[in-house]
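As structure tokens, the structure follows; a few thoughts come after it.
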Amino acid sequence: MSDRKRLEELRLLLTEHSHLYYVLDDPQISDGEYDRLFQELLKIEEAHPDWVTSDSPSQRIGGAALDKFEQVQHRLPMLSLENAFDDRDLHSFEDRLLRFLLTDVRPEYMTEPKLDGLAVELVYEYGLLVQGSTRGDGSVGEDISAQLRTVTSIPLRLRKTDIPRLEVRGEVFMDRTGLTKLNLQRAEDGEPLFANPRNAAAGSLRQLDPKITAKRPLRFYVYGIAEPADTDCKTQQELLQFLGSLGLPVNDLLSFCPDIKTVIKRFAELSTLRHDLAYEIDGMVVKVNDFALQGRLGAKARAPRWAIACKFPAIQATTKIVKVDFQVGRTGAVTPVAILDPVDVGGVMVSRASLHNGDEILRKDLRTGDTVLIQRAGDVIPEIVKAVLEKRDKDAVPIIIPKNCPVCTHLLVKPVGEAVTRCVNPHCPAQRLRSMVHFCSKAGLDIEGLGKKSVEQLFDLQLIKDLPDIFKLQKADLEVLDGWGKKSADNALSGIEAAKKPVLSHFLAALGIRYVGEVTAGLLENTFLSLERLLTVTREELLEVDGLGEQAAGSIADYFSDPLVREMMNAFHDACVQPQVLVQREENLLLTGEVLLFTGSLKKLSRTEAKKLVKDHGGQIASGITKKLTCLVVGEKPGSKLKKAQEKGIRILTEDEFVVMLS
Ligand code: IVH
């Protein structure tokens, strides 16, 4: 047999046996036999390097190390899930669905274990794995293709090769045995241990050298795809079956549930089962089974309406409050933080817990010196559940929120109706420092060389007083500082240079505007498309953006109309900071440029569905009969708006005409 032919044969054999071993857990040849075939393949490929293809089993051992991870824009966002904790939450999940769908026909569900690992996207083109990425912020992740190729249960080629593009999503994780073994090895090598499977999976995938990833016992289960319409599947159940038939590993604890009662029963079963599993799960994901219904339900900013994560109860432990510190955050909020006697909570050492605010302390009647019950749910920051009153010492001291800012001594205020106590001194050094640390941090512009310590140092030395000052730093200022030098100065300056053209949404999130995290920042970028436009945005315009609530709209409008903020934006501009827009709005949608309003009662669509349709087709919703209005859609009993619109000569459509137009 020619080398070429034998190579093809070996690839097929190895792929098949690796699927049997890693995906179906049903090995049919010995490890030794597999190794022999693998060595034979390597030998042929060594002799003919130009025959190596990306789907060859040899690619599993990891190629050359990377300099850095490239960014990957997900074609469709990778959403997160809202949480439920008990039966009541699951019932309200269903109630919300029914209300949104305006129906009393209850949906069917699929439930899946919620794996505790890292979400990834795998792109297959005509069956070939062409890219793998992390979830990142949901819109942009990191290219970890080389690392993911080393995960043995991820097929490099699917069994069906006629699908042009399939964006598969699932979880990479480490099972208990894998994690224990890895940690034993790390302890021997004097390296820090991984506290949980999620950290272990993330730490292993984010290795620039894929050969290191290849040595880590990572596993993968698929749980969905970006766009179900890319297949003929009508339900989640069908889809998972289909993905399995393509050679992708599907978890075997899936369960079809005809109603929410069965979902609740299944949750109880899984809560017991979880302890016997080879890997950790932190809950159960519940999904509406029917894709047509999923489509109608759509998503909010962060999470789909058609799914929810039902989390297992948290892991708990008891310890003592040693003292309480008060921290001033970047919005001036003063947060009491309990310093605890360090205690192991489900494998993680906990020594601090946020007490949130004064009301929370009063409600829980917590005192310094108290023995307290603390809990950690998943990777959520630990919280104090309650004081163990039977163990309260006589000399336990009530915790009192100070009257003055612990940093600038300005009188603190607690606005009526708010739980938070704030320092409202705009010049409070703690606030300015915290905003600068945030601005430079990973959650902000991720400026290399300007970590927390460096920012604190530059701030203390008054080299940076306000955010734009960061961009005015000079080499001569930096290289003479304690602990710096030419190299770190150059490093920081190139980090700063790179940050001068940030993605607009990252820039907005970095500013630390209240209620504007990365998701809301993404909405602002996609809707308003430039920083200049945002400087003139009104509260009303913001309220029309799907996913923005009252509080966020008010906070954003106030922020951009503040003269000090405008001054700061000018300073950014003078320092050549130019935020870039990543995603351009599609200009040729059916309703682009149209501003619609609904009046009267609609029969076919709920109001929310109707508004969503308008937005999905590129249109906007008006707040009333305004100058901008281009079309009024009338249902039954329309009222005075119809007359007003007729007088203004605005286009009028019936609900039926509207539906026909969009179909
Ligand atoms: S579905 C749009 N299914 O949970 C649906 N997620 O908080 C989003 N996860 O980022 C995900 N097991 O990392 C889904 N069977 C499962 C899952 C699962 C684990 C993780 C995933 C996601 C997070 C959502």
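Each chain of the structure tokens is named A, B, ... in the order shown, its residues numbered from 1; ligands are numbered from 1 in display order.
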Checklist entry - Can you tell me which residues sit at most 9 Å away from ligand 1, counting only C-alpha atoms and all ligand atoms, written as a PyMOL selection string? => result chain A and resi 77-83+111-120+135+138+169-172+221-224+226+251+254+281-287+299+303-309
Lys648 in chain A environment, 12 Å, only C-alpha atoms, sequence neighbours closer than 4 positions dropped, as an mmCIF file with all heavy atoms, in the first residue's frame:
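And here's result_2.cif as it stands now:
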```cif
data_model
loop_
_atom_site.group_PDB
_atom_site.id
_atom_site.type_symbol
_atom_site.label_atom_id
_atom_site.label_comp_id
_atom_site.auth_asym_id
_atom_site.auth_seq_id
_atom_site.Cartn_x
_atom_site.Cartn_y
_atom_site.Cartn_z
ATOM 1 N N ILE A 625 -47.270 60.513 19.131
ATOM 2 C CA ILE A 625 -47.354 61.065 17.772
ATOM 3 C C ILE A 625 -46.338 62.211 17.697
ATOM 4 O O ILE A 625 -46.642 63.347 18.061
ATOM 5 C CB ILE A 625 -48.773 61.590 17.471
ATOM 6 C CG1 ILE A 625 -49.813 60.495 17.733
ATOM 7 C CG2 ILE A 625 -48.870 62.137 16.063
ATOM 8 C CD1 ILE A 625 -49.991 59.494 16.643
ATOM 9 N N THR A 626 -45.127 61.892 17.314
ATOM 10 C CA THR A 626 -44.058 62.895 17.293
ATOM 11 C C THR A 626 -43.715 63.256 15.850
ATOM 12 O O THR A 626 -44.218 62.632 14.916
ATOM 13 C CB THR A 626 -42.788 62.341 17.957
ATOM 14 O OG1 THR A 626 -42.397 61.185 17.201
ATOM 15 C CG2 THR A 626 -43.015 61.939 19.387
ATOM 16 N N LYS A 627 -42.823 64.226 15.721
ATOM 17 C CA LYS A 627 -42.395 64.648 14.375
ATOM 18 C C LYS A 627 -41.706 63.514 13.638
ATOM 19 O O LYS A 627 -41.782 63.413 12.427
ATOM 20 C CB LYS A 627 -41.401 65.816 14.525
ATOM 21 C CG LYS A 627 -42.062 67.177 14.421
ATOM 22 C CD LYS A 627 -41.010 68.229 14.103
ATOM 23 C CE LYS A 627 -41.120 69.330 15.138
ATOM 24 N NZ LYS A 627 -39.892 69.828 15.668
ATOM 25 N N LYS A 628 -41.016 62.676 14.434
ATOM 26 C CA LYS A 628 -40.204 61.629 13.800
ATOM 27 C C LYS A 628 -41.042 60.453 13.294
ATOM 28 O O LYS A 628 -40.591 59.651 12.490
ATOM 29 C CB LYS A 628 -39.182 61.093 14.815
ATOM 30 C CG LYS A 628 -38.028 62.042 15.037
ATOM 31 C CD LYS A 628 -36.905 61.355 15.780
ATOM 32 C CE LYS A 628 -37.213 61.231 17.252
ATOM 33 N NZ LYS A 628 -36.319 60.407 18.009
ATOM 34 N N LEU A 629 -42.298 60.355 13.798
ATOM 35 C CA LEU A 629 -43.129 59.188 13.476
ATOM 36 C C LEU A 629 -43.350 59.059 11.973
ATOM 37 O O LEU A 629 -43.668 60.030 11.293
ATOM 38 C CB LEU A 629 -44.483 59.349 14.182
ATOM 39 C CG LEU A 629 -45.430 58.156 14.064
ATOM 40 C CD1 LEU A 629 -44.885 56.985 14.859
ATOM 41 C CD2 LEU A 629 -46.819 58.518 14.572
ATOM 42 N N THR A 630 -43.131 57.839 11.430
ATOM 43 C CA THR A 630 -43.361 57.659 9.991
ATOM 44 C C THR A 630 -44.539 56.732 9.713
ATOM 45 O O THR A 630 -45.035 56.667 8.606
ATOM 46 C CB THR A 630 -42.114 57.068 9.297
ATOM 47 O OG1 THR A 630 -41.828 55.797 9.902
ATOM 48 C CG2 THR A 630 -40.915 57.975 9.422
ATOM 49 N N CYS A 631 -44.987 55.961 10.730
ATOM 50 C CA CYS A 631 -46.051 54.999 10.448
ATOM 51 C C CYS A 631 -46.794 54.630 11.740
ATOM 52 O O CYS A 631 -46.159 54.381 12.774
ATOM 53 C CB CYS A 631 -45.415 53.751 9.830
ATOM 54 S SG CYS A 631 -46.557 52.414 9.602
ATOM 55 N N LEU A 632 -48.113 54.624 11.668
ATOM 56 C CA LEU A 632 -48.910 54.231 12.836
ATOM 57 C C LEU A 632 -49.593 52.904 12.523
ATOM 58 O O LEU A 632 -50.248 52.771 11.476
ATOM 59 C CB LEU A 632 -49.958 55.304 13.136
ATOM 60 C CG LEU A 632 -50.818 55.041 14.372
ATOM 61 C CD1 LEU A 632 -50.029 55.336 15.649
ATOM 62 C CD2 LEU A 632 -52.095 55.889 14.348
ATOM 63 N N LYS A 641 -55.118 58.731 18.844
ATOM 64 C CA LYS A 641 -53.853 58.780 18.105
ATOM 65 C C LYS A 641 -54.097 58.642 16.612
ATOM 66 O O LYS A 641 -53.420 59.270 15.794
ATOM 67 C CB LYS A 641 -52.925 57.651 18.568
ATOM 68 C CG LYS A 641 -52.334 57.900 19.928
ATOM 69 C CD LYS A 641 -51.091 57.068 20.149
ATOM 70 C CE LYS A 641 -50.537 57.298 21.541
ATOM 71 N NZ LYS A 641 -50.740 56.220 22.466
ATOM 72 N N LEU A 642 -55.102 57.809 16.235
ATOM 73 C CA LEU A 642 -55.378 57.583 14.812
ATOM 74 C C LEU A 642 -55.733 58.900 14.141
ATOM 75 O O LEU A 642 -55.209 59.256 13.081
ATOM 76 C CB LEU A 642 -56.517 56.565 14.665
ATOM 77 C CG LEU A 642 -57.002 56.332 13.239
ATOM 78 C CD1 LEU A 642 -55.859 55.843 12.343
ATOM 79 C CD2 LEU A 642 -58.144 55.306 13.193
ATOM 80 N N LYS A 643 -56.624 59.669 14.820
ATOM 81 C CA LYS A 643 -57.070 60.921 14.227
ATOM 82 C C LYS A 643 -55.889 61.884 14.053
ATOM 83 O O LYS A 643 -55.684 62.467 12.990
ATOM 84 C CB LYS A 643 -58.136 61.548 15.144
ATOM 85 C CG LYS A 643 -59.014 62.509 14.416
ATOM 86 C CD LYS A 643 -60.341 62.763 15.125
ATOM 87 C CE LYS A 643 -60.760 64.178 14.812
ATOM 88 N NZ LYS A 643 -60.779 65.049 15.973
ATOM 89 N N LYS A 644 -55.096 61.976 15.106
ATOM 90 C CA LYS A 644 -53.932 62.884 15.053
ATOM 91 C C LYS A 644 -52.999 62.508 13.916
ATOM 92 O O LYS A 644 -52.504 63.371 13.183
ATOM 93 C CB LYS A 644 -53.137 62.783 16.372
ATOM 94 C CG LYS A 644 -53.643 63.692 17.453
ATOM 95 C CD LYS A 644 -52.553 63.832 18.511
ATOM 96 C CE LYS A 644 -53.168 64.136 19.863
ATOM 97 N NZ LYS A 644 -52.365 63.706 20.975
ATOM 98 N N ILE A 652 -50.720 54.978 7.648
ATOM 99 C CA ILE A 652 -51.453 54.157 8.621
ATOM 100 C C ILE A 652 -51.508 52.713 8.114
ATOM 101 O O ILE A 652 -51.813 52.481 6.948
ATOM 102 C CB ILE A 652 -52.916 54.656 8.767
ATOM 103 C CG1 ILE A 652 -52.986 56.174 8.888
ATOM 104 C CG2 ILE A 652 -53.644 53.927 9.881
ATOM 105 C CD1 ILE A 652 -52.872 56.730 10.262
#
```
So that I can check the surroundings of Leu156 in chain A, please list as a compact mmCIF listing (two decimals) with N, CA and C atoms, in the first residue's frame every protein, DNA and RNA residue that reaches within 7 Å of it, counting only C-alpha atoms and ignoring chain neighbours fewer than 2 positions away.
```
# COMPACT_ATOMS: atom_id res chain seq x y z
N ASP A 55 -7.15 18.41 10.14
CA ASP A 55 -7.98 17.44 10.85
C ASP A 55 -7.24 16.13 11.12
N LEU A 128 -15.38 20.65 8.73
CA LEU A 128 -14.01 20.77 9.23
C LEU A 128 -13.94 21.81 10.34
N LEU A 129 -13.29 21.47 11.46
CA LEU A 129 -13.15 22.45 12.54
C LEU A 129 -12.20 23.55 12.07
N ARG A 149 -8.07 22.18 19.69
CA ARG A 149 -7.75 21.00 18.88
C ARG A 149 -7.13 19.88 19.71
N ILE A 154 -13.23 16.68 21.21
CA ILE A 154 -13.72 17.61 20.19
C ILE A 154 -13.33 17.07 18.81
N LEU A 158 -16.43 16.60 11.32
CA LEU A 158 -17.75 16.04 11.65
C LEU A 158 -18.07 14.90 10.69
```
Checklist entry - When you draw a straight line from CA of Ala65 in chain A to CA of Asp50 in chain A, how long is it in Å? => result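 Going from CA of Ala65 in chain A over to CA of Asp50 in chain A covers 20.2 Å.
Take the candidates A:Pro258, A:Gly332, A:Pro27, A:Pro217 and check each one against Arg106 in chain A using only C-alpha atoms; the shortest distance goes to A:Pro258.
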Next on the checklist: I'd like the contact shell of Gln39 in chain A - 12 Å cut-off, only C-alpha atoms, skipping same-chain residues fewer than 2 positions apart - returned as a list of chain:residue names.
Outcome noted: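 The residues satisfying every condition are A:Leu7, A:Leu10, A:Arg11, A:Leu14, A:Gly32, A:Glu33, A:Tyr34, A:Asp35, A:Arg36, A:Leu37, A:Leu41, A:Leu42, A:Lys43, A:Ile44, A:Glu45, A:Glu46, A:Pro57, A:Ser58.
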Writer output for current selection, N, CA, C and O atoms, as a compact mmCIF listing (two decimals), in the first residue's frame:
```
# COMPACT_ATOMS: atom_id res chain seq x y z
N LEU A 7 -1.80 6.50 5.00
CA LEU A 7 -2.02 7.69 5.84
C LEU A 7 -3.52 7.94 6.00
O LEU A 7 -4.03 8.14 7.11
N LEU A 10 -4.97 5.34 8.24
CA LEU A 10 -4.63 5.56 9.65
C LEU A 10 -5.46 6.67 10.27
O LEU A 10 -5.92 6.59 11.40
N ARG A 11 -5.65 7.73 9.49
CA ARG A 11 -6.43 8.86 10.01
C ARG A 11 -7.85 8.42 10.33
O ARG A 11 -8.40 8.75 11.38
N LEU A 14 -7.74 6.07 13.44
CA LEU A 14 -7.48 6.79 14.70
C LEU A 14 -8.66 7.66 15.09
O LEU A 14 -9.03 7.75 16.26
N GLY A 32 -2.15 0.47 23.85
CA GLY A 32 -0.90 0.16 23.15
C GLY A 32 -1.10 0.13 21.65
O GLY A 32 -0.32 0.71 20.88
N GLU A 33 -2.18 -0.52 21.23
CA GLU A 33 -2.50 -0.63 19.80
C GLU A 33 -2.74 0.76 19.20
O GLU A 33 -2.25 1.09 18.12
N TYR A 34 -3.47 1.59 19.96
CA TYR A 34 -3.77 2.95 19.49
C TYR A 34 -2.46 3.72 19.30
O TYR A 34 -2.24 4.36 18.28
N ASP A 35 -1.58 3.60 20.30
CA ASP A 35 -0.29 4.30 20.25
C ASP A 35 0.53 3.88 19.04
O ASP A 35 1.18 4.70 18.41
N ARG A 36 0.49 2.56 18.74
CA ARG A 36 1.26 2.04 17.61
C ARG A 36 0.77 2.69 16.31
O ARG A 36 1.55 3.16 15.49
N LEU A 37 -0.56 2.73 16.15
CA LEU A 37 -1.14 3.34 14.94
C LEU A 37 -0.74 4.82 14.87
O LEU A 37 -0.40 5.35 13.82
N LEU A 41 1.38 6.90 12.01
CA LEU A 41 0.88 8.11 11.33
C LEU A 41 1.92 9.24 11.42
O LEU A 41 2.24 9.88 10.42
N LEU A 42 2.48 9.42 12.60
CA LEU A 42 3.46 10.50 12.79
C LEU A 42 4.67 10.30 11.87
O LEU A 42 5.19 11.25 11.30
N LYS A 43 5.05 9.04 11.72
CA LYS A 43 6.23 8.74 10.90
C LYS A 43 5.96 9.13 9.44
O LYS A 43 6.80 9.77 8.80
N ILE A 44 4.80 8.75 8.93
CA ILE A 44 4.49 9.08 7.53
C ILE A 44 4.42 10.60 7.37
O ILE A 44 4.96 11.17 6.42
N GLU A 45 3.78 11.28 8.35
CA GLU A 45 3.64 12.73 8.22
C GLU A 45 5.00 13.42 8.32
O GLU A 45 5.22 14.46 7.71
N GLU A 46 5.89 12.84 9.11
CA GLU A 46 7.23 13.41 9.24
C GLU A 46 7.96 13.35 7.90
O GLU A 46 8.64 14.29 7.49
N PRO A 57 -5.25 13.46 13.18
CA PRO A 57 -5.15 13.22 14.62
C PRO A 57 -3.82 13.70 15.20
O PRO A 57 -3.72 13.96 16.39
N SER A 58 -2.81 13.86 14.36
CA SER A 58 -1.52 14.34 14.87
C SER A 58 -1.63 15.76 15.41
O SER A 58 -0.81 16.18 16.22
```
Item to check | Selection: 12 Å around Ala610 in chain A, only C-alpha atoms, excl. self and same-chain fewer than 2 positions, as a ChimeraX atom specification | outcome: /A:100-101,296-297,596-599,601-608,612-617,619-621,633-635,655-656,658-659,662
DSSP says strand (DSSP E or B) for which residues of range 201-446 of chain A? Put them as a PDB file with C-alpha atoms, in the first residue's frame?
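states25.pdb written:
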```pdb
ATOM      1  CA  LEU A 218      -9.930  18.425  29.372  1.00  0.00           C
ATOM      2  CA  ARG A 219     -13.318  17.173  28.232  1.00  0.00           C
ATOM      3  CA  PHE A 220     -16.112  18.705  26.183  1.00  0.00           C
ATOM      4  CA  TYR A 221     -19.891  18.416  25.908  1.00  0.00           C
ATOM      5  CA  VAL A 222     -21.916  20.203  23.264  1.00  0.00           C
ATOM      6  CA  TYR A 223     -25.182  21.888  24.345  1.00  0.00           C
ATOM      7  CA  GLY A 224     -26.350  23.927  21.386  1.00  0.00           C
ATOM      8  CA  ILE A 225     -25.600  25.918  18.264  1.00  0.00           C
ATOM      9  CA  THR A 235     -36.501  21.160  18.838  1.00  0.00           C
ATOM     10  CA  VAL A 250     -23.557  14.951  24.053  1.00  0.00           C
ATOM     11  CA  SER A 255     -34.085  14.758  29.939  1.00  0.00           C
ATOM     12  CA  PHE A 256     -37.194  15.627  27.960  1.00  0.00           C
ATOM     13  CA  CYS A 257     -39.854  17.056  30.300  1.00  0.00           C
ATOM     14  CA  ILE A 281     -22.198  20.242  37.852  1.00  0.00           C
ATOM     15  CA  ASP A 282     -23.541  23.372  39.520  1.00  0.00           C
ATOM     16  CA  GLY A 283     -27.161  23.118  38.474  1.00  0.00           C
ATOM     17  CA  MET A 284     -29.560  22.171  35.703  1.00  0.00           C
ATOM     18  CA  VAL A 285     -30.309  24.164  32.566  1.00  0.00           C
ATOM     19  CA  VAL A 286     -33.966  24.248  31.536  1.00  0.00           C
ATOM     20  CA  LYS A 287     -34.738  25.100  27.892  1.00  0.00           C
ATOM     21  CA  VAL A 288     -38.037  25.514  26.043  1.00  0.00           C
ATOM     22  CA  ASP A 290     -39.547  24.037  20.579  1.00  0.00           C
ATOM     23  CA  ALA A 299     -33.579  37.312  24.385  1.00  0.00           C
ATOM     24  CA  PRO A 304     -32.491  34.300  26.445  1.00  0.00           C
ATOM     25  CA  ALA A 307     -33.935  29.164  29.155  1.00  0.00           C
ATOM     26  CA  ILE A 308     -32.971  29.355  32.788  1.00  0.00           C
ATOM     27  CA  ALA A 309     -30.245  27.863  34.974  1.00  0.00           C
ATOM     28  CA  CYS A 310     -31.587  26.212  38.090  1.00  0.00           C
ATOM     29  CA  LYS A 311     -28.710  26.332  40.570  1.00  0.00           C
ATOM     30  CA  ILE A 315     -21.858  25.461  49.786  1.00  0.00           C
ATOM     31  CA  GLN A 316     -21.748  26.725  53.368  1.00  0.00           C
ATOM     32  CA  ALA A 317     -19.350  27.000  56.337  1.00  0.00           C
ATOM     33  CA  THR A 318     -19.095  28.894  59.627  1.00  0.00           C
ATOM     34  CA  THR A 319     -16.388  31.328  60.738  1.00  0.00           C
ATOM     35  CA  LYS A 320     -15.904  34.546  62.732  1.00  0.00           C
ATOM     36  CA  ILE A 321     -16.045  38.231  61.769  1.00  0.00           C
ATOM     37  CA  VAL A 322     -12.680  39.613  62.914  1.00  0.00           C
ATOM     38  CA  LYS A 323     -13.287  43.232  61.907  1.00  0.00           C
ATOM     39  CA  VAL A 324     -15.074  45.329  59.314  1.00  0.00           C
ATOM     40  CA  ASP A 325     -13.387  47.579  56.718  1.00  0.00           C
ATOM     41  CA  PHE A 326     -15.199  50.286  54.782  1.00  0.00           C
ATOM     42  CA  GLN A 327     -14.253  50.610  51.126  1.00  0.00           C
ATOM     43  CA  VAL A 328     -15.105  53.535  48.874  1.00  0.00           C
ATOM     44  CA  ALA A 333     -20.600  53.775  47.367  1.00  0.00           C
ATOM     45  CA  VAL A 334     -19.241  52.875  50.775  1.00  0.00           C
ATOM     46  CA  THR A 335     -19.178  49.098  51.153  1.00  0.00           C
ATOM     47  CA  PRO A 336     -18.620  47.410  54.485  1.00  0.00           C
ATOM     48  CA  VAL A 337     -16.381  44.365  54.056  1.00  0.00           C
ATOM     49  CA  ALA A 338     -16.159  41.714  56.750  1.00  0.00           C
ATOM     50  CA  ILE A 339     -12.657  40.419  57.399  1.00  0.00           C
ATOM     51  CA  LEU A 340     -13.122  36.784  58.400  1.00  0.00           C
ATOM     52  CA  ASP A 341     -11.096  34.095  60.062  1.00  0.00           C
ATOM     53  CA  PRO A 342      -9.992  32.271  56.878  1.00  0.00           C
ATOM     54  CA  VAL A 343     -12.126  29.188  56.237  1.00  0.00           C
ATOM     55  CA  ASP A 344     -12.366  26.552  53.494  1.00  0.00           C
ATOM     56  CA  VAL A 345     -15.711  26.751  51.696  1.00  0.00           C
ATOM     57  CA  VAL A 348     -11.840  27.782  48.286  1.00  0.00           C
ATOM     58  CA  MET A 349     -10.254  29.692  51.174  1.00  0.00           C
ATOM     59  CA  VAL A 350     -12.491  32.598  52.115  1.00  0.00           C
ATOM     60  CA  SER A 351     -11.228  35.475  54.259  1.00  0.00           C
ATOM     61  CA  ARG A 352     -13.465  38.392  53.237  1.00  0.00           C
ATOM     62  CA  ALA A 353     -17.125  38.849  52.471  1.00  0.00           C
ATOM     63  CA  SER A 354     -19.028  41.918  51.352  1.00  0.00           C
ATOM     64  CA  ARG A 367     -21.720  42.268  64.857  1.00  0.00           C
ATOM     65  CA  THR A 368     -17.953  42.257  64.884  1.00  0.00           C
ATOM     66  CA  THR A 371     -19.764  33.575  64.452  1.00  0.00           C
ATOM     67  CA  VAL A 372     -21.415  33.608  61.034  1.00  0.00           C
ATOM     68  CA  LEU A 373     -22.675  31.161  58.449  1.00  0.00           C
ATOM     69  CA  ILE A 374     -21.174  31.982  55.050  1.00  0.00           C
ATOM     70  CA  GLN A 375     -21.888  30.535  51.633  1.00  0.00           C
ATOM     71  CA  ARG A 376     -20.466  30.443  48.180  1.00  0.00           C
ATOM     72  CA  GLU A 383     -21.804  36.058  51.360  1.00  0.00           C
ATOM     73  CA  ILE A 384     -22.806  35.998  54.988  1.00  0.00           C
ATOM     74  CA  VAL A 385     -26.100  34.179  55.418  1.00  0.00           C
ATOM     75  CA  LYS A 386     -26.656  34.893  59.118  1.00  0.00           C
ATOM     76  CA  ALA A 387     -25.082  35.255  62.511  1.00  0.00           C
ATOM     77  CA  VAL A 397     -19.732  44.993  68.763  1.00  0.00           C
ATOM     78  CA  PRO A 398     -22.517  46.356  66.536  1.00  0.00           C
ATOM     79  CA  ASN A 404     -17.783  60.548  57.216  1.00  0.00           C
ATOM     80  CA  LEU A 411     -19.990  63.817  55.137  1.00  0.00           C
ATOM     81  CA  LEU A 412     -21.592  60.661  53.690  1.00  0.00           C
ATOM     82  CA  VAL A 413     -25.168  60.662  52.361  1.00  0.00           C
ATOM     83  CA  ARG A 422     -22.288  57.329  49.372  1.00  0.00           C
ATOM     84  CA  CYS A 423     -19.453  59.777  49.426  1.00  0.00           C
TER      85      CYS A 423
END
```
Next on the checklist: If you run DSSP on the backbone here, which positions in range 252-340 of chain A get alpha helix (DSSP H)? Please write them as a list in words.
Outcome noted: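 Written out, the alpha helix (DSSP H) residues of range 252-340 of chain A are Ile260, Lys261, Thr262, Val263, Ile264, Lys265, Arg266, Phe267, Ala268, Glu269, Leu270, Ser271, Thr272, Leu273, Phe291, Ala292, Leu293, Gln294, Gly295, Arg296 and Leu297 of chain A.
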Close residues, Leu481 in chain A itself excluded, 9 Å, only C-alpha atoms, min 4 positions apart in chain, as a PDB file with N, CA and C atoms, in the first residue's frame:
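Contents of part06.pdb, freshly written:
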```pdb
ATOM      1  N   GLN A 457       0.247  53.941  42.362  1.00  0.00           N
ATOM      2  CA  GLN A 457       1.509  54.672  42.507  1.00  0.00           C
ATOM      3  C   GLN A 457       1.461  55.997  41.721  1.00  0.00           C
ATOM      4  N   LEU A 458       1.009  55.920  40.451  1.00  0.00           N
ATOM      5  CA  LEU A 458       0.957  57.126  39.613  1.00  0.00           C
ATOM      6  C   LEU A 458      -0.008  58.150  40.186  1.00  0.00           C
ATOM      7  N   ASP A 477       8.673  60.508  32.747  1.00  0.00           N
ATOM      8  CA  ASP A 477       7.944  60.474  34.030  1.00  0.00           C
ATOM      9  C   ASP A 477       8.046  59.092  34.651  1.00  0.00           C
ATOM     10  N   GLY A 485      11.687  51.531  35.518  1.00  0.00           N
ATOM     11  CA  GLY A 485      12.864  51.318  34.674  1.00  0.00           C
ATOM     12  C   GLY A 485      12.444  51.461  33.229  1.00  0.00           C
TER      13      GLY A 485
END
```
Item to check | Nearest to Leu293 in chain A, chosen from A:Phe439, A:Tyr109, A:Phe471, A:Phe459, with only C-alpha atoms counted in the distances | outcome: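 With only C-alpha atoms as the atom set, the closest residue is A:Tyr109.
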Checklist entry - Skipping near chain neighbours, those fewer than 3 positions away, what residues fall within 10 Å of Leu90 in chain A using only C-alpha atoms, listed as a list in words? => result Asn83, Ala84, Phe85, Asp86, Asp87, Phe93, Glu94, Asp95, Arg96, Ile260, Lys261, Val263, Ile264, Val286, Ile308, Ala309 and Cys310 of chain A
Next on the checklist: Rounded to one decimal, what separation in Å do you get between CA of Glu238 in chain A and CA of Met110 in chain A?
Outcome noted: 10.4 Å
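For the atom pair formed by CA of Asp162 in chain A and CA of Ser245 in chain A, the distance is 13.9 Å, given to one decimal.
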